[in-house]
>>> print(open('protein.cif').read())   # mmCIF, C-alpha atoms and all ligand atoms
data_model
#
loop_
_atom_site.label_atom_id
_atom_site.label_comp_id
_atom_site.auth_asym_id
_atom_site.auth_seq_id
_atom_site.Cartn_x
_atom_site.Cartn_y
_atom_site.Cartn_z
CA MET A 1 -12.34 18.21 -15.52
CA LEU A 2 -8.90 19.73 -15.06
CA TYR A 3 -7.73 17.54 -17.93
CA HIS A 4 -10.49 18.84 -20.20
CA LEU A 5 -10.07 22.45 -19.07
CA LEU A 6 -6.30 22.75 -19.03
CA TYR A 7 -4.89 20.35 -21.62
CA PRO A 8 -6.40 22.24 -24.61
CA LEU A 9 -4.53 25.35 -23.44
CA HIS A 10 -1.18 23.69 -24.27
CA THR A 11 -1.22 25.22 -27.75
CA GLU A 12 -0.77 28.63 -26.12
CA PHE A 13 0.99 27.70 -22.88
CA SER A 14 3.25 24.69 -23.38
CA VAL A 15 3.30 24.00 -19.62
CA PHE A 16 -0.22 22.54 -19.88
CA TYR A 17 1.06 19.80 -22.18
CA VAL A 18 1.92 17.87 -19.02
CA PHE A 19 -1.82 17.17 -18.52
CA LYS A 20 -1.64 14.77 -21.44
CA PHE A 21 0.45 12.33 -19.41
CA ILE A 22 -1.27 9.57 -17.47
CA THR A 23 1.69 9.35 -15.08
CA PHE A 24 1.37 13.02 -14.10
CA ARG A 25 -2.40 12.84 -13.65
CA THR A 26 -2.13 9.58 -11.67
CA ILE A 27 0.31 11.11 -9.19
CA TYR A 28 -1.86 14.20 -8.70
CA ALA A 29 -5.03 12.10 -8.39
CA ALA A 30 -3.31 10.24 -5.52
CA ILE A 31 -2.16 13.48 -3.90
CA THR A 32 -5.63 15.05 -4.26
CA ALA A 33 -7.21 11.95 -2.67
CA LEU A 34 -4.74 12.13 0.23
CA LEU A 35 -5.43 15.83 0.76
CA ILE A 36 -9.21 15.27 0.76
CA SER A 37 -8.79 12.48 3.34
CA PHE A 38 -6.50 14.50 5.61
CA LEU A 39 -8.62 17.65 5.38
CA LEU A 40 -12.02 16.03 5.83
CA GLY A 41 -11.04 13.02 7.98
CA PRO A 42 -10.97 14.70 11.42
CA TRP A 43 -14.19 16.57 10.65
CA LEU A 44 -15.93 13.38 9.48
CA ILE A 45 -14.87 11.44 12.58
CA ARG A 46 -16.15 14.26 14.84
CA THR A 47 -19.42 14.42 12.90
CA LEU A 48 -19.95 10.64 12.97
CA SER A 49 -19.30 10.64 16.73
CA ARG A 50 -21.67 13.56 17.27
CA LEU A 51 -24.40 11.83 15.25
CA GLN A 52 -23.63 8.66 17.24
CA ILE A 53 -22.93 6.69 14.09
CA GLY A 54 -21.05 4.06 16.07
CA GLN A 55 -20.38 0.37 15.53
CA SER A 56 -22.45 -2.25 17.34
CA ILE A 57 -20.24 -5.22 18.22
CA ARG A 58 -21.47 -8.82 17.93
CA LYS A 59 -21.59 -10.46 21.34
CA VAL A 60 -20.43 -13.82 19.94
CA GLY A 61 -17.10 -12.43 18.73
CA PRO A 62 -13.63 -12.29 20.25
CA GLU A 63 -13.70 -10.41 23.56
CA SER A 64 -10.94 -8.06 22.43
CA HIS A 65 -13.56 -6.46 20.12
CA PHE A 66 -15.99 -5.46 22.87
CA LYS A 67 -13.96 -2.34 23.64
CA LYS A 68 -14.49 -1.22 20.04
CA GLU A 69 -18.20 -0.66 20.67
CA GLY A 70 -19.21 2.81 19.50
CA THR A 71 -16.18 3.41 17.23
CA PRO A 72 -17.50 5.70 14.47
CA THR A 73 -18.28 3.74 11.32
CA MET A 74 -19.24 4.59 7.71
CA GLY A 75 -15.81 6.18 7.23
CA GLY A 76 -16.05 4.68 3.75
CA THR A 77 -18.05 7.75 2.69
CA LEU A 78 -14.76 9.63 2.95
CA ILE A 79 -12.99 6.94 0.88
CA LEU A 80 -15.70 7.20 -1.75
CA LEU A 81 -15.42 10.99 -1.92
CA ALA A 82 -11.62 10.81 -2.00
CA ILE A 83 -11.80 8.48 -5.01
CA VAL A 84 -14.62 10.05 -7.01
CA LEU A 85 -13.55 13.72 -6.78
CA PRO A 86 -9.92 13.20 -7.91
CA VAL A 87 -11.10 10.93 -10.75
CA LEU A 88 -13.52 13.61 -11.93
CA LEU A 89 -10.74 16.19 -11.70
CA TRP A 90 -7.85 14.30 -13.33
CA ALA A 91 -9.22 11.55 -15.61
CA ASP A 92 -10.36 11.78 -19.22
CA LEU A 93 -14.13 11.87 -18.79
CA ASN A 94 -14.75 10.69 -22.35
CA ASN A 95 -13.40 7.30 -21.33
CA ILE A 96 -16.08 4.61 -20.93
CA TYR A 97 -13.90 2.50 -18.60
CA VAL A 98 -13.65 5.33 -16.10
CA TRP A 99 -17.44 5.69 -16.00
CA VAL A 100 -18.10 1.94 -15.71
CA THR A 101 -15.67 1.77 -12.77
CA LEU A 102 -17.30 4.79 -11.13
CA LEU A 103 -20.75 3.24 -11.64
CA VAL A 104 -19.75 0.11 -9.73
CA THR A 105 -17.80 2.01 -7.06
CA VAL A 106 -20.63 4.43 -6.29
CA GLY A 107 -23.38 1.81 -6.80
CA PHE A 108 -21.77 -0.68 -4.41
CA GLY A 109 -21.03 2.20 -2.04
CA ALA A 110 -24.71 3.15 -2.04
CA VAL A 111 -25.77 -0.42 -1.17
CA GLY A 112 -23.20 -0.46 1.64
CA PHE A 113 -24.34 2.97 2.84
CA ILE A 114 -27.96 1.82 3.17
CA ASP A 115 -26.82 -1.35 4.96
CA ASP A 116 -24.64 0.61 7.40
CA TYR A 117 -27.33 3.21 7.95
CA ARG A 118 -29.87 0.57 8.90
CA LYS A 119 -27.42 -1.07 11.30
CA VAL A 120 -26.76 2.26 12.99
CA LYS A 121 -30.40 3.33 13.02
CA PHE A 122 -31.63 0.09 14.55
CA LYS A 123 -28.48 -0.22 16.71
CA SER A 124 -27.77 -3.79 15.67
CA SER A 125 -25.15 -5.60 13.64
CA ASP A 126 -27.72 -6.75 11.06
CA GLY A 127 -28.38 -4.36 8.18
CA LEU A 128 -29.98 -5.17 4.84
CA SER A 129 -31.04 -8.77 4.31
CA ALA A 130 -28.31 -10.86 2.67
CA ARG A 131 -30.60 -11.52 -0.29
CA GLY A 132 -31.57 -7.89 -0.76
CA LYS A 133 -27.93 -6.83 -0.67
CA MET A 134 -26.92 -9.53 -3.15
CA PHE A 135 -29.76 -8.57 -5.50
CA TRP A 136 -28.54 -4.97 -5.76
CA LEU A 137 -24.88 -5.92 -6.10
CA VAL A 138 -25.68 -8.37 -8.91
CA LEU A 139 -27.91 -5.83 -10.64
CA ILE A 140 -25.29 -3.06 -10.55
CA SER A 141 -22.48 -5.32 -11.75
CA ALA A 142 -24.74 -6.79 -14.46
CA VAL A 143 -25.40 -3.28 -15.81
CA ALA A 144 -21.64 -2.59 -15.78
CA ALA A 145 -20.93 -5.93 -17.47
CA GLY A 146 -23.60 -5.25 -20.10
CA LEU A 147 -22.07 -1.84 -20.88
CA LEU A 148 -18.65 -3.42 -21.33
CA TYR A 149 -20.07 -6.21 -23.44
CA ILE A 150 -21.75 -3.89 -25.93
CA TYR A 151 -18.71 -1.61 -26.13
CA PRO A 152 -17.36 -2.42 -29.61
CA SER A 153 -13.67 -2.92 -28.84
CA PHE A 154 -14.13 -4.88 -25.61
CA ASP A 155 -12.37 -8.22 -25.72
CA THR A 156 -14.33 -11.15 -24.27
CA THR A 157 -11.46 -13.64 -24.18
CA LEU A 158 -10.09 -14.75 -20.86
CA ALA A 159 -6.38 -14.20 -20.20
CA PHE A 160 -4.37 -16.45 -17.89
CA PRO A 161 -1.14 -15.62 -16.10
CA PHE A 162 1.86 -17.83 -16.98
CA PHE A 163 0.00 -19.33 -20.02
CA LYS A 164 -0.07 -16.44 -22.43
CA GLY A 165 -1.21 -18.56 -25.36
CA LEU A 166 -4.32 -19.72 -23.54
CA ARG A 167 -7.18 -17.36 -24.46
CA PRO A 168 -10.61 -19.03 -24.35
CA GLU A 169 -13.37 -16.93 -25.92
CA LEU A 170 -16.23 -16.57 -23.43
CA GLY A 171 -18.61 -14.58 -25.63
CA LEU A 172 -21.84 -13.77 -23.79
CA LEU A 173 -20.69 -15.88 -20.82
CA TYR A 174 -18.26 -13.06 -20.11
CA VAL A 175 -21.18 -11.08 -18.63
CA PRO A 176 -21.96 -13.49 -15.75
CA PHE A 177 -18.22 -13.97 -15.33
CA ILE A 178 -17.78 -10.21 -14.74
CA VAL A 179 -20.68 -10.26 -12.26
CA LEU A 180 -19.02 -13.14 -10.40
CA VAL A 181 -15.63 -11.40 -10.21
CA VAL A 182 -17.03 -8.01 -9.19
CA VAL A 183 -19.58 -9.23 -6.62
CA GLY A 184 -17.12 -11.82 -5.32
CA THR A 185 -14.41 -9.22 -4.77
CA GLY A 186 -16.84 -6.82 -3.07
CA ASN A 187 -17.93 -9.50 -0.63
CA ALA A 188 -14.42 -10.83 -0.02
CA VAL A 189 -13.16 -7.35 0.91
CA ASN A 190 -16.21 -6.96 3.15
CA LEU A 191 -15.36 -10.18 5.02
CA THR A 192 -11.72 -9.14 5.39
CA ASP A 193 -12.69 -5.85 7.02
CA GLY A 194 -12.70 -7.13 10.59
CA LEU A 195 -9.50 -5.77 12.16
CA ASP A 196 -8.03 -2.24 12.16
CA GLY A 197 -6.39 -1.63 8.78
CA LEU A 198 -6.76 -5.27 7.74
CA ALA A 199 -8.77 -4.58 4.59
CA ILE A 200 -7.37 -1.19 3.62
CA GLY A 201 -3.70 -2.30 3.70
CA PRO A 202 -4.06 -5.09 1.11
CA MET A 203 -6.44 -2.83 -0.84
CA ILE A 204 -3.75 -0.12 -1.16
CA ILE A 205 -1.25 -2.76 -2.30
CA ALA A 206 -3.71 -4.28 -4.81
CA SER A 207 -4.63 -0.83 -6.17
CA ALA A 208 -0.96 0.05 -6.66
CA THR A 209 -0.45 -3.26 -8.48
CA TYR A 210 -3.43 -2.66 -10.77
CA LEU A 211 -2.20 0.89 -11.36
CA LEU A 212 0.79 -0.69 -13.10
CA PHE A 213 -1.34 -3.30 -14.92
CA ALA A 214 -3.70 -0.57 -16.19
CA TYR A 215 -0.82 1.59 -17.36
CA VAL A 216 0.80 -1.31 -19.22
CA ALA A 217 -2.48 -2.61 -20.72
CA GLY A 218 -3.29 0.88 -21.99
CA ASN A 219 0.09 1.27 -23.68
CA VAL A 220 0.17 -0.69 -26.95
CA LYS A 221 3.97 -0.86 -27.13
CA LEU A 222 4.42 -2.10 -23.57
CA ALA A 223 1.51 -4.54 -23.81
CA THR A 224 2.81 -6.02 -27.06
CA TYR A 225 6.32 -6.31 -25.67
CA LEU A 226 5.04 -8.11 -22.54
CA GLN A 227 2.57 -10.19 -24.58
CA ILE A 228 -0.41 -9.16 -22.49
CA SER A 229 -3.79 -7.95 -23.77
CA SER A 230 -3.61 -4.39 -24.93
CA VAL A 231 -6.78 -2.52 -23.93
CA GLN A 232 -7.04 0.85 -25.60
CA GLY A 233 -8.16 3.42 -23.01
CA ALA A 234 -7.41 1.24 -19.97
CA GLY A 235 -4.50 3.54 -19.08
CA GLU A 236 -7.00 6.04 -17.65
CA LEU A 237 -7.77 3.45 -14.96
CA ALA A 238 -4.27 4.07 -13.60
CA ILE A 239 -5.72 7.42 -12.48
CA VAL A 240 -8.60 5.65 -10.71
CA CYS A 241 -6.07 3.30 -9.06
CA GLY A 242 -3.94 6.30 -8.07
CA ALA A 243 -6.98 7.85 -6.38
CA MET A 244 -7.67 4.53 -4.64
CA VAL A 245 -4.10 4.39 -3.33
CA GLY A 246 -4.33 7.99 -2.07
CA ALA A 247 -7.78 7.51 -0.55
CA GLY A 248 -6.63 4.24 1.04
CA LEU A 249 -3.51 5.76 2.59
CA GLY A 250 -5.54 8.74 3.82
CA PHE A 251 -8.09 6.40 5.43
CA LEU A 252 -5.40 4.17 6.94
CA TRP A 253 -4.09 7.25 8.76
CA PHE A 254 -7.27 7.13 10.87
CA ASN A 255 -8.08 3.40 10.66
CA THR A 256 -4.70 2.10 11.81
CA TYR A 257 -4.64 0.32 15.16
CA PRO A 258 -6.28 1.46 17.42
CA ALA A 259 -8.85 2.64 14.86
CA GLN A 260 -10.55 6.02 15.21
CA VAL A 261 -13.04 5.02 12.50
CA PHE A 262 -14.18 1.92 10.55
CA MET A 263 -14.97 2.08 6.85
CA GLY A 264 -18.31 0.23 7.05
CA ASP A 265 -19.86 -1.60 4.11
CA VAL A 266 -19.98 1.68 2.22
CA GLY A 267 -16.17 1.47 2.09
CA SER A 268 -15.54 -2.27 1.78
CA LEU A 269 -18.13 -2.95 -0.93
CA SER A 270 -17.20 0.08 -3.04
CA LEU A 271 -13.46 -0.66 -2.86
CA GLY A 272 -13.97 -4.36 -3.63
CA GLY A 273 -16.32 -3.57 -6.50
CA ALA A 274 -13.86 -1.06 -7.95
CA LEU A 275 -10.95 -3.51 -7.74
CA GLY A 276 -12.95 -6.32 -9.40
CA THR A 277 -14.07 -4.01 -12.22
CA ILE A 278 -10.55 -2.75 -12.86
CA ALA A 279 -9.24 -6.33 -12.93
CA VAL A 280 -11.82 -7.25 -15.55
CA ILE A 281 -11.26 -4.21 -17.76
CA THR A 282 -7.47 -4.50 -17.74
CA LYS A 283 -7.83 -8.22 -18.68
CA GLN A 284 -5.96 -9.20 -15.54
CA GLU A 285 -8.96 -10.84 -13.89
CA MET A 286 -7.35 -14.21 -13.16
CA VAL A 287 -4.30 -12.51 -11.59
CA LEU A 288 -6.70 -10.97 -9.07
CA VAL A 289 -6.67 -14.33 -7.27
CA ILE A 290 -2.97 -13.68 -6.57
CA VAL A 291 -3.04 -9.89 -6.04
CA GLY A 292 -6.10 -10.16 -3.81
CA GLY A 293 -4.89 -13.40 -2.21
CA ILE A 294 -5.68 -12.16 1.30
CA PHE A 295 -9.29 -11.43 0.31
CA VAL A 296 -9.53 -14.85 -1.37
CA VAL A 297 -8.20 -16.68 1.69
CA GLU A 298 -10.54 -14.77 4.02
CA ALA A 299 -13.56 -15.67 1.86
CA LEU A 300 -12.41 -19.29 1.46
CA SER A 301 -12.00 -19.63 5.23
CA VAL A 302 -15.68 -18.74 5.65
CA ILE A 303 -16.79 -21.14 2.91
CA VAL A 304 -14.72 -24.00 4.37
CA GLN A 305 -15.90 -23.26 7.92
CA VAL A 306 -19.58 -23.05 7.03
CA THR A 307 -19.45 -26.15 4.80
CA SER A 308 -17.62 -28.22 7.39
CA PHE A 309 -19.96 -27.09 10.16
CA ARG A 310 -23.09 -27.83 8.13
CA LEU A 311 -21.90 -31.22 6.83
CA TRP A 312 -20.00 -32.63 9.79
CA GLY A 313 -20.90 -30.29 12.66
CA LYS A 314 -17.17 -29.54 13.06
CA ARG A 315 -15.25 -26.27 12.85
CA ILE A 316 -11.93 -26.16 10.93
CA PHE A 317 -10.95 -22.75 12.33
CA ARG A 318 -11.54 -21.51 15.85
CA MET A 319 -13.64 -18.85 14.14
CA ALA A 320 -14.04 -17.61 10.58
CA PRO A 321 -13.08 -15.40 8.78
CA ILE A 322 -9.52 -16.54 9.38
CA HIS A 323 -8.31 -13.35 11.14
CA HIS A 324 -10.58 -14.30 14.07
CA HIS A 325 -8.84 -17.69 14.20
CA PHE A 326 -5.49 -16.01 14.84
CA GLU A 327 -7.05 -13.62 17.36
CA LEU A 328 -8.45 -16.56 19.32
CA LYS A 329 -5.05 -18.24 19.16
CA GLY A 330 -3.78 -15.23 21.09
CA TRP A 331 -1.96 -13.27 18.39
CA PRO A 332 -2.14 -9.54 19.16
CA GLU A 333 -4.28 -7.63 16.64
CA PRO A 334 -1.42 -5.50 15.17
CA LYS A 335 0.65 -8.64 14.57
CA ILE A 336 -2.11 -10.26 12.48
CA ILE A 337 -2.66 -7.05 10.53
CA VAL A 338 0.98 -6.37 9.69
CA ARG A 339 1.64 -10.01 8.78
CA PHE A 340 -1.34 -9.96 6.40
CA TRP A 341 0.09 -6.78 4.83
CA ILE A 342 3.47 -8.47 4.39
CA ILE A 343 1.81 -11.42 2.66
CA SER A 344 -0.07 -8.97 0.42
CA ILE A 345 3.16 -7.33 -0.68
CA ILE A 346 4.71 -10.70 -1.50
CA LEU A 347 1.59 -11.67 -3.49
CA ALA A 348 1.67 -8.37 -5.39
CA LEU A 349 5.29 -9.01 -6.37
CA ILE A 350 4.42 -12.51 -7.58
CA ALA A 351 1.51 -11.09 -9.57
CA LEU A 352 3.75 -8.47 -11.16
CA SER A 353 6.22 -11.17 -12.13
CA THR A 354 3.48 -12.71 -14.32
CA LEU A 355 4.08 -9.80 -16.70
CA LYS A 356 7.48 -11.29 -17.49
CA LEU A 357 6.82 -15.01 -17.03
CA ARG A 358 5.23 -16.87 -19.89
C1 LIG A 401 -18.65 -7.93 7.96
N1 LIG A 401 -17.85 -6.98 9.82
C2 LIG A 401 -17.10 -6.95 10.96
C3 LIG A 401 -17.16 -2.39 10.31
C4 LIG A 401 -16.51 -2.67 9.01
C5 LIG A 401 -20.98 -15.63 7.09
C6 LIG A 401 -20.17 -14.87 8.10
C7 LIG A 401 -18.77 -15.32 8.13
C8 LIG A 401 -20.30 -13.37 7.85
C9 LIG A 401 -19.39 -12.52 8.68
C10 LIG A 401 -19.76 -11.11 8.41
O1 LIG A 401 -20.81 -10.66 8.69
N2 LIG A 401 -18.82 -10.41 7.79
C11 LIG A 401 -19.04 -9.14 7.18
C12 LIG A 401 -17.63 -8.10 8.95
C13 LIG A 401 -17.34 -5.68 11.82
O2 LIG A 401 -16.91 -4.54 11.10
C14 LIG A 401 -17.90 -3.71 10.56
O3 LIG A 401 -18.28 -4.15 9.28
C15 LIG A 401 -17.64 -3.35 8.30
C16 LIG A 401 -17.20 -4.15 7.13
N3 LIG A 401 -18.33 -4.72 6.51
O4 LIG A 401 -16.06 -1.53 8.40
O5 LIG A 401 -18.07 -1.35 10.19
C17 LIG A 401 -16.48 -5.78 13.07
O6 LIG A 401 -15.11 -5.97 12.70
C18 LIG A 401 -14.25 -5.26 13.59
N4 LIG A 401 -13.46 -4.25 12.83
C19 LIG A 401 -12.32 -3.80 13.40
N5 LIG A 401 -11.58 -2.86 12.72
C20 LIG A 401 -11.95 -2.38 11.50
O7 LIG A 401 -11.22 -1.54 10.91
O8 LIG A 401 -11.95 -4.20 14.48
C21 LIG A 401 -13.88 -3.81 11.61
C22 LIG A 401 -13.13 -2.88 10.93
C23 LIG A 401 -16.47 -4.54 13.90
C24 LIG A 401 -15.16 -4.62 14.63
O9 LIG A 401 -15.28 -5.48 15.71
O10 LIG A 401 -17.59 -4.54 14.72
C25 LIG A 401 -17.45 -8.20 11.77
O11 LIG A 401 -16.54 -9.02 11.94
O12 LIG A 401 -18.61 -8.29 12.17
N6 LIG A 401 -19.52 -12.88 10.04
C26 LIG A 401 -18.48 -12.85 10.85
O13 LIG A 401 -17.43 -12.37 10.51
C27 LIG A 401 -18.66 -13.52 12.16
N7 LIG A 401 -18.15 -14.89 12.03
C28 LIG A 401 -18.87 -15.99 12.29
O14 LIG A 401 -20.04 -15.92 12.65
N8 LIG A 401 -18.21 -17.16 12.12
C29 LIG A 401 -18.82 -18.44 12.31
C30 LIG A 401 -19.42 -18.91 10.96
C31 LIG A 401 -18.52 -18.68 9.76
C32 LIG A 401 -19.90 -20.31 10.99
C33 LIG A 401 -17.81 -19.42 12.80
O15 LIG A 401 -16.59 -19.30 12.52
O16 LIG A 401 -18.21 -20.33 13.54
C34 LIG A 401 -17.86 -12.89 13.26
N9 LIG A 401 -17.99 -11.50 13.36
C35 LIG A 401 -17.75 -10.89 14.54
N10 LIG A 401 -17.57 -11.53 15.62
N11 LIG A 401 -17.69 -9.55 14.66
C36 LIG A 401 -18.24 -13.55 14.55
C37 LIG A 401 -17.57 -12.90 15.68
#
>>> encode(input="protein.cif", output="structure tokens", more="lines below")
Ligand code: 57M
Amino acid sequence: MLYHLLYPLHTEFSVFYVFKFITFRTIYAAITALLISFLLGPWLIRTLSRLQIGQSIRKVGPESHFKKEGTPTMGGTLILLAIVLPVLLWADLNNIYVWVTLLVTVGFGAVGFIDDYRKVKFKSSDGLSARGKMFWLVLISAVAAGLLYIYPSFDTTLAFPFFKGLRPELGLLYVPFIVLVVVGTGNAVNLTDGLDGLAIGPMIIASATYLLFAYVAGNVKLATYLQISSVQGAGELAIVCGAMVGAGLGFLWFNTYPAQVFMGDVGSLSLGGALGTIAVITKQEMVLVIVGGIFVVEALSVIVQVTSFRLWGKRIFRMAPIHHHFELKGWPEPKIIVRFWIISIILALIALSTLKLR
């Protein structure tokens, strides 16, 4: 809105010309998101505590988690607000990619909100049925995928890191592919969100990485020089990523060990959905496996554990997702969290190097 209100004034007041620049608006989207988080965070935590919106802890889990019983949850509502408001303020609202990303972010957030609400209301750790949740996530991402598919200039070829000449055309198959990426990322982030700051740290790092990818993809000169897909209009997603970085840092302030609040599914699903959508739009969807490597490993650990247990009655990990394995091995919680962050940073650097390697 600020962009639409203030940029046209540049003909009379040259100072408003700065609103044209994606870099400027990205920085201020991040700062706005941080301010919203810092200003509303303490109030939200007090309100959630007063309303007794506290976490129920599974009795089968690591004992160290029992003391977390009653920690306010659904802090993801703050993350959602701290992303959506800055995007509405600073992004170009005529941009379809911004709206598709917001649709998934808010849609997934709503599914997570209902799930969290039911868990809190019925004071259990079971919310919506797994099928019901999956149905809504698939439906929302299918609508987003359909919108992208019918958008005239949207490219339905698949781009691979390291092999820049390899560009298979997926055609209509690109729609289920988008659904897979977006729903998969939402669920993987959800599984990762099991220790204080464990999901939000890698999410901040991934958002910052995609901020750069979006900026480069949206800039024809840079994209051509780096031989990556140029996506006209994708630069505006740098503003969404900036808001995600700001909202993530603001949330981490309160979620860092020992957490004063958990994000809940409203946070994990919306952030994961947003990241998956941005990866698809910027044509950096395969690189997401590297950037979001922590989320991938967490999800894989569950798949491997469940498969092995069902087929052979044996567990590979002491407990899945993998962060529980390290907890049960005796690693202190902050050590697991910070080490996962370090790995995320390394993975982000490797992913960024794919811009140069071909
Ligand atoms: C959500 N939720 C956390 C919090 C957070 C198939 C199976 C692997 C599914 C999996 C599962 O349900 N995962 C999804 C994980 C929960 O956190 C809440 O959920 C939100 C995210 N959706 O925002 O509201 C607990 O995580 C801890 N936590 C923190 N700090 C945070 O900042 O400490 C969360 C955020 C919180 C808190 O304790 O209560 C969760 O873990 O439940 N199920 C599991 O993860 C379970 N694993 C399992 O059953 N493994 C078996 C299977 C694979 C065969 C096995 O390995 O044998 C474990 N979950 C828990 N305890 N809590 C089992 C032990």
>>> residues_near_ligand(input="protein.cif", ligand="ligand LIG 401 (chain A)", cutoff="6 Å", atoms="all atoms listed in the file", output="PDB file with C-alpha atoms, in the frame of the given file")
ATOM      1  CA  GLN A  55     -20.380   0.370  15.530  1.00  0.00           C
ATOM      2  CA  SER A  56     -22.450  -2.250  17.340  1.00  0.00           C
ATOM      3  CA  ILE A  57     -20.240  -5.220  18.220  1.00  0.00           C
ATOM      4  CA  ARG A  58     -21.470  -8.820  17.930  1.00  0.00           C
ATOM      5  CA  VAL A  60     -20.430 -13.820  19.940  1.00  0.00           C
ATOM      6  CA  GLY A  61     -17.100 -12.430  18.730  1.00  0.00           C
ATOM      7  CA  HIS A  65     -13.560  -6.460  20.120  1.00  0.00           C
ATOM      8  CA  THR A  73     -18.280   3.740  11.320  1.00  0.00           C
ATOM      9  CA  ASN A 190     -16.210  -6.960   3.150  1.00  0.00           C
ATOM     10  CA  LEU A 191     -15.360 -10.180   5.020  1.00  0.00           C
ATOM     11  CA  ASP A 193     -12.690  -5.850   7.020  1.00  0.00           C
ATOM     12  CA  GLY A 194     -12.700  -7.130  10.590  1.00  0.00           C
ATOM     13  CA  LEU A 195      -9.500  -5.770  12.160  1.00  0.00           C
ATOM     14  CA  ASP A 196      -8.030  -2.240  12.160  1.00  0.00           C
ATOM     15  CA  GLY A 197      -6.390  -1.630   8.780  1.00  0.00           C
ATOM     16  CA  ASN A 255      -8.080   3.400  10.660  1.00  0.00           C
ATOM     17  CA  PHE A 262     -14.180   1.920  10.550  1.00  0.00           C
ATOM     18  CA  MET A 263     -14.970   2.080   6.850  1.00  0.00           C
ATOM     19  CA  GLY A 264     -18.310   0.230   7.050  1.00  0.00           C
ATOM     20  CA  ASP A 265     -19.860  -1.600   4.110  1.00  0.00           C
ATOM     21  CA  SER A 268     -15.540  -2.270   1.780  1.00  0.00           C
ATOM     22  CA  VAL A 302     -15.680 -18.740   5.650  1.00  0.00           C
ATOM     23  CA  GLN A 305     -15.900 -23.260   7.920  1.00  0.00           C
ATOM     24  CA  VAL A 306     -19.580 -23.050   7.030  1.00  0.00           C
ATOM     25  CA  MET A 319     -13.640 -18.850  14.140  1.00  0.00           C
ATOM     26  CA  ALA A 320     -14.040 -17.610  10.580  1.00  0.00           C
ATOM     27  CA  PRO A 321     -13.080 -15.400   8.780  1.00  0.00           C
TER      28      PRO A 321
END
>>> residues_around(input="protein.cif", residues="segment 206-222 of chain A", least_positions_apart="3", cutoff="10 Å", atoms="all atoms listed in the file", output="MDAnalysis selection string")
chainID A and resid 22:23 26 200:203 225:246 248 271 274:275 278:279 281:284 287:288 290:293 344:345 347:349 351:352 355
>>> closest_residue(input="protein.cif", among="A:Leu85, A:Val289, A:Ile140, A:Ile114", to="Leu128 of chain A", atoms="all atoms listed in the file")
A:Ile114
>>> residues_around(input="protein.cif", residues="Leu5 of chain A", least_positions_apart="5", cutoff="12 Å", atoms="only C-alpha atoms", output="number ranges by chain")
A: 10, 16-17, 19-20, 88-93
>>> closest_residue(input="protein.cif", among="A:Ile53, A:Arg315, A:Ser270, A:Phe160", to="Phe122 of chain A", atoms="all atoms listed in the file")
A:Ile53
>>> axis_aligned_box(input="protein.cif", around="segment 314-333 of chain A", padding_each_side="8 Å", output="AutoDock Vina command-line options")
--center_x -9.6 --center_y -18.6 --center_z 14.9 --size_x 31.2 --size_y 37.9 --size_z 28.3
>>> residues_around(input="protein.cif", residues="segment 39-52 of chain A", least_positions_apart="2", cutoff="8 Å", atoms="only C-alpha atoms", output="VMD selection string")
chain A and resid 35 to 37 54 70 to 73 75 78 251 254 260 to 261
>>> closest_residue(input="protein.cif", among="A:Val179, A:Ala159, A:Leu2, A:Val15", to="Met134 of chain A", atoms="only C-alpha atoms")
A:Val179
>>> atom_distance(input="protein.cif", atom1="atom CA of Tyr117 of chain A", atom2="atom CA of Leu269 of chain A")
14.2 Å
>>> closest_residue(input="protein.cif", among="A:Gly76, A:Pro8, A:Pro161, A:Gly276", to="Gly109 of chain A", atoms="all atoms listed in the file")
A:Gly76
>>> residues_near_point(input="protein.cif", point="(-22.0, 2.3, -4.0)", cutoff="9 Å", atoms="all atoms listed in the file", output="PDB file with C-alpha atoms, in the coordinates of the input")
ATOM      1  CA  LEU A  80     -15.700   7.200  -1.750  1.00  0.00           C
ATOM      2  CA  LEU A 102     -17.300   4.790 -11.130  1.00  0.00           C
ATOM      3  CA  LEU A 103     -20.750   3.240 -11.640  1.00  0.00           C
ATOM      4  CA  VAL A 104     -19.750   0.110  -9.730  1.00  0.00           C
ATOM      5  CA  THR A 105     -17.800   2.010  -7.060  1.00  0.00           C
ATOM      6  CA  VAL A 106     -20.630   4.430  -6.290  1.00  0.00           C
ATOM      7  CA  GLY A 107     -23.380   1.810  -6.800  1.00  0.00           C
ATOM      8  CA  PHE A 108     -21.770  -0.680  -4.410  1.00  0.00           C
ATOM      9  CA  GLY A 109     -21.030   2.200  -2.040  1.00  0.00           C
ATOM     10  CA  ALA A 110     -24.710   3.150  -2.040  1.00  0.00           C
ATOM     11  CA  VAL A 111     -25.770  -0.420  -1.170  1.00  0.00           C
ATOM     12  CA  GLY A 112     -23.200  -0.460   1.640  1.00  0.00           C
ATOM     13  CA  PHE A 113     -24.340   2.970   2.840  1.00  0.00           C
ATOM     14  CA  LEU A 137     -24.880  -5.920  -6.100  1.00  0.00           C
ATOM     15  CA  VAL A 266     -19.980   1.680   2.220  1.00  0.00           C
ATOM     16  CA  GLY A 267     -16.170   1.470   2.090  1.00  0.00           C
ATOM     17  CA  LEU A 269     -18.130  -2.950  -0.930  1.00  0.00           C
ATOM     18  CA  SER A 270     -17.200   0.080  -3.040  1.00  0.00           C
ATOM     19  CA  GLY A 273     -16.320  -3.570  -6.500  1.00  0.00           C
TER      20      GLY A 273
END
>>> atom_distance(input="protein.cif", atom1="atom CA of Ile205 of chain A", atom2="atom CA of Trp341 of chain A")
8.3 Å
